[in-house]
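S.K.: Below you will find the structure I want to go over with you.
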Amino acid sequence: MLFKRNQENKTRRLMLKEKRENFAGYIFVGPMLIGLTVLTVIPAILSLIFSFTEWSFIAGLNKMKFVGFKNYVQLLHDPVFITSFKNNLILLLVVPIQLIISLVLAVIINKSVYFKSFFKVVFFMPYISSIVAVSIVFQLLFQPSYGPINQFLRAIGMDNPPKWLADIHYALPSVMIILTWVGIGFCLIVYMAALQSIPKDLYESADIDGASPWTRFRRITLPLVSPTTFFLLVTGLISSFKSFDIIKVLTEGGPSYSTSVVTYYLYTTAFENLKTGYASSMAWALFGCVLLITVFQLYGQKKWVNY
Amino acid sequence: MENSNKLWKTIITILLLILGVAFLLPFIWMLSTSFKPEIDVFKYPIEWIPRHWQGAQNYQEVWFGEYPFATYYWNSIKVSVLTTIISVSVSSMAAYAFAKIEFIGKNALFVLVLMTFMIPSSSIIVPQFLIFKWFHLFDTHLGLILVGSFSALGTFMLRQFFMGLHHEFLDAARMDGAGQRILFTKVALPLVRPAIATYAILRFIWTWNDYQNPLIFLRSDYLSTIQIGIQKFAAESGAFYSLIMAGAVSAIIPLLLIFILGQKQVMEGIAMGGVKG
């Protein structure tokens, strides 16, 4: 009898404890969940709804008109959107270039120089600096007639140096140069950490077998950093799709849309041309691209990464 | 053998040093230009060390002239500090719960948080803007701070660290009758302090450099942060390049200081996130 009551007390206490744990759990995650719901989840749903409407936010909610997939169909026939999307695809090229340069630098800094941490800081500086300030500096450096870069090119005998940001053919490559310069530091730091986690004895036994530095790099370093390469590739591709600041400050998409990207066209459509519905369909097209890369990550990881 | 190794290492160090200087030339040019009189800005060959110094006037003009740089600065400091504090508090609480508390629906909620991480910020700025208009948060610092404070990233990062804590620490305190509030503030938080510092520094840097959110969610000039301020200054003050460079230097310097002070934390935070993927 007494034993049974004890048992009952025990279960009741356990249940109470469980309840209290539940309660504590909700209190702890509550603020974050409420914030994310109001500021991310609901906006995402709203933007999906808007994308099926023809509407301008200054007109008031009662003016909203549902038009089905019209906005999405229009996207496919909108030359500015197509150009912007193409530019986004070209900008993706920055990612592999960055990876190659930063891996080479990481290998050199890791093994063959003094003052390692000094070099890490040097190459990391552009990444930490504000993209607005960096863009403004490069605007002047790339200035076609009296900017330092072209003055230098003329001084070494180039009669007609490119007009960089002012030329429709050179503007996008100029943006890519700046993006590469900004992003190298991040990849470098991540690669350095990966290199440091490779066991030393692998290299030692390769030395005993008389492997050349190139063979060691190809047979040991490259496969062992492949998870890192894959991670940097995926995050790089995603953040490349999201880049907005540099285009807005540096070129405003010009000259004649040669540097326009989806995020920038979305911004002008929403806040300058005030087409909320149409801009929202771009928002979801953008989200779709990011999702596609994420799916590629989930499936690709198993296939291409050598652990 | 040993000596030739050292020689090689020295040679490569010198070569890399040259490359490093070349890499930083845009910054060096920015810095030196900010100290020049306007007329010397585009002189060629470039005067890396200004022949005529006009730094004091330039910086004075930028800071106390027509554009309220001091106000922009103060706004940036206020927004960055408050965003960092709120973000660290909210993220660490959620991260602790996801790592160490058992509650019904935990996994589903965590997946929800994970999913919000994938949504690009550009995809939701329009509805966010409207929600802020409806709730009168548009053109306020509070709105800007709220947007920056709730990100899934901090929750992921810190959750990893809380998961790494051994159960014995928490169990011992629990035996003494401590509730989750005490466990969190007195036991778990102090143990992950380095991780909190890393996240706080990164969040501060990201907020300080943020351009898109203040561009969308603020309108009044007196509320502008430094990024908006310097862009306006560059766009409107036309050909005063030495002044623009002084502004750019002013926008970068405080971050550089924080980065150099918290260098270890920043690098480790980034490396860790990267290697773990």
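Following the order of the structure tokens, first chain is A, next is B, and so on, with residues numbered from 1 inside each chain and ligands from 1 in the order they appear.
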Write out as a ChimeraX atom specification each polymer residue whose atoms come within 9 Å of Thr71 (chain B), counting only C-alpha atoms; drop sequence neighbours fewer than 4 positions from it.

M.R.: /B:67,75-76,222-226

S.K.: As a PDB file with C-alpha atoms, in the first residue's frame, could you give me every residue of chain B near chain A (at most 6 Å apart, counting only C-alpha atoms)?

M.R.:
ATOM      1  CA  LYS B   9      60.893  29.986 -46.615  1.00  0.00           C
ATOM      2  CA  THR B  13      57.669  35.008 -47.362  1.00  0.00           C
ATOM      3  CA  VAL B  90      17.507  35.386 -28.027  1.00  0.00           C
ATOM      4  CA  MET B  93      18.289  30.932 -25.172  1.00  0.00           C
ATOM      5  CA  ALA B  94      16.851  29.139 -28.182  1.00  0.00           C
ATOM      6  CA  ALA B  97      16.711  24.815 -25.363  1.00  0.00           C
ATOM      7  CA  ILE B 101      15.915  20.697 -22.865  1.00  0.00           C
ATOM      8  CA  PHE B 103      10.146  19.288 -24.872  1.00  0.00           C
ATOM      9  CA  SER B 123      12.832  37.606 -51.049  1.00  0.00           C
ATOM     10  CA  ILE B 124      10.984  38.971 -48.048  1.00  0.00           C
ATOM     11  CA  PRO B 127       6.275  42.138 -47.058  1.00  0.00           C
ATOM     12  CA  GLN B 128       8.628  43.059 -44.207  1.00  0.00           C
ATOM     13  CA  PHE B 150      16.193  37.297 -35.259  1.00  0.00           C
ATOM     14  CA  ASN B 209      28.291  46.684 -42.480  1.00  0.00           C
ATOM     15  CA  ALA B 248      35.270  55.681 -46.342  1.00  0.00           C
ATOM     16  CA  ILE B 252      36.025  51.098 -41.999  1.00  0.00           C
ATOM     17  CA  ALA B 271      36.776  28.457 -39.593  1.00  0.00           C
ATOM     18  CA  GLY B 274      33.160  26.374 -42.410  1.00  0.00           C
ATOM     19  CA  VAL B 275      34.839  23.122 -41.577  1.00  0.00           C
ATOM     20  CA  GLY B 277      29.597  22.917 -42.728  1.00  0.00           C
TER      21      GLY B 277
END

S.K.: Please, which residues of region 166-271 of chain B, numbered as in this document, come out alpha helix (DSSP H) from DSSP, as a PyMOL selection string?

M.R.: chain B and resi 167-175+180-182+189-191+193-209+212-217+226-236+241-261+263-271

S.K.: Which residues, written as a list of chain:residue names, have at least one atom at most 8 Å from Ser84 (chain A), with only C-alpha atoms counted and residues fewer than 6 positions away on the same chain left out?

M.R.: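 Within the cut-off, the hits are A:Tyr257, A:Ser258, A:Thr259, A:Ser260, A:Val261, A:Val262, A:Tyr265.
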
S.K.: Find the residues around Ile244 (chain B) up to 8 Å (only C-alpha atoms counted), leave out those fewer than 3 positions away in its own chain, and share them as a list in words.

M.R.: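 The residues satisfying every condition are Ser34, Ile230, Phe233, Ala234, Ser237, Phe240, Tyr241, Gly247 and Ala248 of chain B.
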
S.K.: Keeping C-alpha atoms, export the residues of the selection given above as a JSON list (two decimals), in the first residue's frame.

M.R.:
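Resulting contents of selection07.json:
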[["chain", "number", "residue", "atom", "x", "y", "z"],
["B", 34, "SER", "CA", 42.04, 60.86, -47.55],
["B", 230, "ILE", "CA", 28.67, 57.51, -46.65],
["B", 233, "PHE", "CA", 27.80, 61.62, -49.12],
["B", 234, "ALA", "CA", 29.63, 59.99, -52.04],
["B", 237, "SER", "CA", 29.19, 65.63, -52.82],
["B", 240, "PHE", "CA", 35.35, 65.91, -53.60],
["B", 241, "TYR", "CA", 37.16, 62.60, -53.73],
["B", 247, "GLY", "CA", 34.47, 59.20, -45.11],
["B", 248, "ALA", "CA", 35.27, 55.68, -46.34]]

S.K.: Would you please give, as a list in words, all residues of region 18-240 of chain A that DSSP assigns to strand (DSSP E) based on the backbone?

M.R.: Thr53, Glu54, Lys65 and Phe66 of chain A

S.K.: For the selection you just gave me, I'd like the residues written to a file as a PDB file, in the first residue's frame, keeping C-alpha atoms.

M.R.:
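File produced: selection-v9.pdb:
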ATOM      1  CA  THR A  53      -1.523  39.356 -57.753  1.00  0.00           C
ATOM      2  CA  GLU A  54      -1.336  42.567 -59.660  1.00  0.00           C
ATOM      3  CA  LYS A  65      -6.221  41.680 -58.047  1.00  0.00           C
ATOM      4  CA  PHE A  66      -5.446  37.963 -58.355  1.00  0.00           C
TER       5      PHE A  66
END

S.K.: Determine the nearest neighbour of Ser121 (chain B) from the options B:Asp40, B:Val147, B:Ala173, B:Ile182, counting only C-alpha atoms.

M.R.: B:Val147

S.K.: Report, in Å to a single decimal, how far apart CA of Thr140 (chain B) and CA of Ser220 (chain B) are.

M.R.: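 Distance between the two atoms: 8.9 Å.
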
S.K.: Quick one, how far is CA of Asn71 (chain A) from CA of Ser56 (chain A)?

M.R.: 13.3 Å

S.K.: From the options B:Val21, B:Phe259, B:Ile11, B:Val187, which residue's atoms come nearest to Ala172 (chain B), counting only C-alpha atoms?

M.R.: B:Val187

S.K.: Using only C-alpha atoms, can you tell me which of A:Pro213, A:Gly185, A:Gly236, A:Pro173 comes closest to Val95 (chain A)?

M.R.: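 Nearest candidate to Val95 (chain A) out of A:Pro213, A:Gly185, A:Gly236, A:Pro173: A:Gly236.
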
S.K.: If you measure from CA of Ile196 (chain B) to CA of Val113 (chain B), what distance in Å do you get, rounded to one decimal?

M.R.: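 Interatomic distance, CA of Ile196 (chain B) to CA of Val113 (chain B): 19.4 Å.
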